[in-house]
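Q: Input structure: run_1.pdb, which contains PDB, C-alpha atoms.
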```pdb
ATOM      1  CA  MET A   1      -8.178  10.986   6.069
ATOM      2  CA  LYS A   2      -5.326   8.554   6.359
ATOM      3  CA  LEU A   3      -2.280   7.888   4.221
ATOM      4  CA  ILE A   4      -1.565   4.174   4.447
ATOM      5  CA  ILE A   5       1.864   2.912   3.407
ATOM      6  CA  ALA A   6       2.636  -0.800   3.379
ATOM      7  CA  HIS A   7       5.692  -2.834   2.477
ATOM      8  CA  LEU A   8       4.541  -6.230   1.277
ATOM      9  CA  PRO A   9       6.166  -9.327  -0.205
ATOM     10  CA  SER A  10       6.593  -9.047  -3.967
ATOM     11  CA  ASP A  11       4.039 -11.748  -4.737
ATOM     12  CA  ALA A  12       1.238 -10.328  -2.549
ATOM     13  CA  PHE A  13      -0.135  -7.564  -4.790
ATOM     14  CA  SER A  14      -2.745  -9.543  -6.735
ATOM     15  CA  SER A  15      -4.097 -11.066  -3.520
ATOM     16  CA  VAL A  16      -4.231  -7.662  -1.777
ATOM     17  CA  ARG A  17      -5.915  -6.066  -4.796
ATOM     18  CA  THR A  18      -8.527  -8.830  -4.920
ATOM     19  CA  ALA A  19      -9.196  -8.545  -1.175
ATOM     20  CA  LEU A  20      -9.665  -4.761  -1.405
ATOM     21  CA  ILE A  21     -11.991  -5.104  -4.391
ATOM     22  CA  ASP A  22     -14.030  -7.762  -2.549
ATOM     23  CA  LEU A  23     -14.452  -5.340   0.368
ATOM     24  CA  GLY A  24     -15.550  -2.623  -2.051
ATOM     25  CA  VAL A  25     -12.734  -0.396  -0.862
ATOM     26  CA  LEU A  26     -11.161   0.329  -4.248
ATOM     27  CA  ARG A  27     -14.485   1.409  -5.723
ATOM     28  CA  VAL A  28     -15.659   3.562  -2.829
ATOM     29  CA  THR A  29     -12.914   5.259  -0.874
ATOM     30  CA  VAL A  30      -9.442   4.839  -2.276
ATOM     31  CA  SER A  31      -8.577   7.463  -4.867
ATOM     32  CA  GLU A  32      -5.608   5.570  -6.242
ATOM     33  CA  VAL A  33      -3.314   2.842  -5.109
ATOM     34  CA  THR A  34       0.322   3.510  -5.933
ATOM     35  CA  VAL A  35       2.627   0.515  -6.080
ATOM     36  CA  SER A  36       6.415   0.736  -6.281
ATOM     37  CA  GLU A  37       9.110  -1.901  -6.302
ATOM     38  CA  VAL A  38      11.536  -1.285  -3.447
ATOM     39  CA  HIS A  39      14.395  -3.114  -1.776
ATOM     40  CA  THR A  40      14.794  -3.167   1.983
ATOM     41  CA  ALA A  41      18.112  -3.672   3.723
ATOM     42  CA  SER A  42      18.013  -6.577   6.103
ATOM     43  CA  SER A  43      20.120  -7.251   9.153
ATOM     44  CA  GLN A  44      19.160 -10.900   8.809
ATOM     45  CA  SER A  45      21.295 -13.389   6.952
ATOM     46  CA  ALA A  46      21.909 -12.692   3.314
ATOM     47  CA  ILE A  47      19.763 -14.124   0.557
ATOM     48  CA  THR A  48      21.756 -16.401  -1.713
ATOM     49  CA  LEU A  49      20.806 -15.974  -5.352
ATOM     50  CA  ARG A  50      22.335 -17.660  -8.353
ATOM     51  CA  TYR A  51      23.563 -15.812 -11.403
ATOM     52  CA  ARG A  52      24.828 -18.042 -14.225
ATOM     53  CA  GLY A  53      25.478 -20.774 -11.699
ATOM     54  CA  ALA A  54      27.552 -18.610  -9.358
ATOM     55  CA  PRO A  55      26.203 -17.811  -5.870
ATOM     56  CA  LEU A  56      25.415 -14.160  -5.232
ATOM     57  CA  HIS A  57      24.802 -12.960  -1.669
ATOM     58  CA  SER A  58      22.518  -9.972  -1.098
ATOM     59  CA  HIS A  59      21.209  -8.252   2.022
ATOM     60  CA  LEU A  60      18.564  -6.419  -0.041
ATOM     61  CA  ARG A  61      15.117  -7.976  -0.112
ATOM     62  CA  PRO A  62      12.680  -7.094  -2.918
ATOM     63  CA  GLU A  63       9.313  -5.803  -1.723
ATOM     64  CA  LEU A  64       6.347  -3.783  -2.934
ATOM     65  CA  ARG A  65       5.497  -0.403  -1.447
ATOM     66  CA  LEU A  66       1.766   0.237  -1.613
ATOM     67  CA  GLU A  67       0.384   3.694  -0.833
ATOM     68  CA  CYS A  68      -3.246   4.749  -0.663
ATOM     69  CA  VAL A  69      -5.399   7.498   0.809
ATOM     70  CA  ALA A  70      -8.567   6.440   2.630
ATOM     71  CA  THR A  71     -11.246   7.923   4.833
ATOM     72  CA  ASP A  72     -11.157   7.381   8.584
ATOM     73  CA  GLY A  73     -14.097   4.995   8.291
ATOM     74  CA  GLN A  74     -12.553   2.724   5.666
ATOM     75  CA  SER A  75      -8.932   2.768   6.831
ATOM     76  CA  PRO A  76      -9.321  -0.007   9.486
ATOM     77  CA  MET A  77     -10.504  -2.454   6.799
ATOM     78  CA  ILE A  78      -7.596  -1.556   4.528
ATOM     79  CA  ILE A  79      -5.105  -1.831   7.382
ATOM     80  CA  ASN A  80      -6.421  -5.273   8.364
ATOM     81  CA  VAL A  81      -6.093  -6.541   4.794
ATOM     82  CA  LEU A  82      -2.566  -5.175   4.463
ATOM     83  CA  ARG A  83      -1.465  -6.560   7.841
ATOM     84  CA  GLY A  84      -2.767  -9.962   6.835
ATOM     85  CA  TYR A  85      -0.616 -10.024   3.719
ATOM     86  CA  ALA A  86       2.410  -8.190   5.144
ATOM     87  CA  GLY A  87       3.440 -11.147   7.286
ATOM     88  CA  SER A  88       6.303 -10.955   9.718
ATOM     89  CA  ALA A  89       8.634  -9.188   7.266
ATOM     90  CA  GLY A  90       6.198  -6.512   6.075
ATOM     91  CA  GLN A  91       5.311  -3.146   7.547
ATOM     92  CA  VAL A  92       2.162  -1.029   7.571
ATOM     93  CA  ALA A  93       2.372   2.681   8.458
ATOM     94  CA  VAL A  94      -0.653   4.937   8.909
ATOM     95  CA  LEU A  95      -0.309   8.720   8.778
ATOM     96  CA  GLU A  96      -2.911  11.422   9.378
ATOM     97  CA  LEU A  97      -3.530  13.400   6.187
ATOM     98  CA  GLU A  98      -4.778  16.961   6.446
ATOM     99  CA  GLU A  99      -5.515  17.749   2.802
ATOM    100  CA  LEU A 100      -5.600  16.028  -0.552
ATOM    101  CA  HIS A 101      -4.883  17.986  -3.718
ATOM    102  CA  GLN A 102      -5.736  16.118  -6.878
ATOM    103  CA  GLU A 103      -5.566  18.404  -9.876
ATOM    104  CA  SER A 104      -5.880  15.890 -12.698
ATOM    105  CA  SER A 105      -9.149  14.183 -11.794
ATOM    106  CA  GLN A 106     -12.587  15.503 -12.640
ATOM    107  CA  GLU A 107     -14.343  12.853 -10.543
ATOM    108  CA  PRO A 108     -14.875  13.185  -6.809
ATOM    109  CA  VAL A 109     -12.140  11.391  -4.917
ATOM    110  CA  PHE A 110     -14.281  10.181  -2.033
ATOM    111  CA  SER A 111     -17.992   9.754  -2.314
ATOM    112  CA  ASP A 112     -18.792   8.660   1.247
ATOM    113  CA  ASP A 113     -17.285  11.520   3.288
ATOM    114  CA  PRO A 114     -18.741  15.019   2.706
ATOM    115  CA  ARG A 115     -15.838  16.635   4.615
ATOM    116  CA  LEU A 116     -13.498  15.600   1.840
ATOM    117  CA  GLU A 117     -15.315  17.435  -0.900
ATOM    118  CA  ALA A 118     -14.079  20.705   0.611
ATOM    119  CA  ALA A 119     -10.567  19.320   1.146
ATOM    120  CA  VAL A 120     -10.004  18.277  -2.467
ATOM    121  CA  HIS A 121      -8.836  21.294  -4.491
TER     122      HIS A 121
END
```
What is this file in structure tokens?

A:
Amino acid sequence: MKLIIAHLPSDAFSSVRTALIDLGVLRVTVSEVTVSEVHTASSQSAITLRYRGAPLHSHLRPELRLECVATDGQSPMIINVLRGYAGSAGQVAVLELEELHQESSQEPVFSDDPRLEAAVH
């Protein structure tokens, strides 16, 4: 199992969601996709925003943080989709996940990997 964490541009979520659904990933292997709004500090030049006509300089860039758990077999497809939408400013991190505890769900989390049935408590 893999925990995949990606920082994507704010406007990329609907495209990423559609791409994952088209691959069948959201229906088969991903238990949930968690999306959070985050801001990353940038060493690049500041973004100039306007507030009531006055310029406002910010080194924080708005992004989306997307987290999902996937099987080893499906994670390369998910990673490729996320890398495609992350662009030069985004990041994709992949971590090995030993166990998944999901107390609230009565449905099996992963239907294509029999090893996971024993891991989900």

Q: Separation of atom CA of A:His39 and atom CA of A:Gln91, in Å?

A: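 Computed distance, atom CA of A:His39 to atom CA of A:Gln91, equals 13.0 Å.
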
Q: Would you kindly translate the PyMOL selection byres ((chain A and resi 5-20) around 10) into the concrete residues it picks from this file, as a PyMOL selection string?

A: chain A and resi 2-4+21-27+30+33-40+61-69+77-79+81-95

Q: So what do you get for atom CA of A:Ala41 versus atom CA of A:His57, distance-wise?

A: 12.7 Å

Q: Need the shell around A:Ile47: protein/DNA/RNA residues with any atom at most 7 Å away, counting only C-alpha atoms. Skip same-chain ones fewer than 2 positions apart. Format as a short mmCIF file (atom, residue, chain, number, x, y, z; two decimals) with C-alpha atoms, in the frame of the given file?

A:
```cif
data_model
loop_
_atom_site.label_atom_id
_atom_site.label_comp_id
_atom_site.auth_asym_id
_atom_site.auth_seq_id
_atom_site.Cartn_x
_atom_site.Cartn_y
_atom_site.Cartn_z
CA SER A 45 21.30 -13.39 6.95
CA LEU A 49 20.81 -15.97 -5.35
CA HIS A 57 24.80 -12.96 -1.67
CA SER A 58 22.52 -9.97 -1.10
CA HIS A 59 21.21 -8.25 2.02
#
```

Q: What is the distance, in Å and to one decimal place, between atom CA of A:Met1 and atom CA of A:Glu96?

A: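 Distance reported for this atom pair: 6.2 Å.
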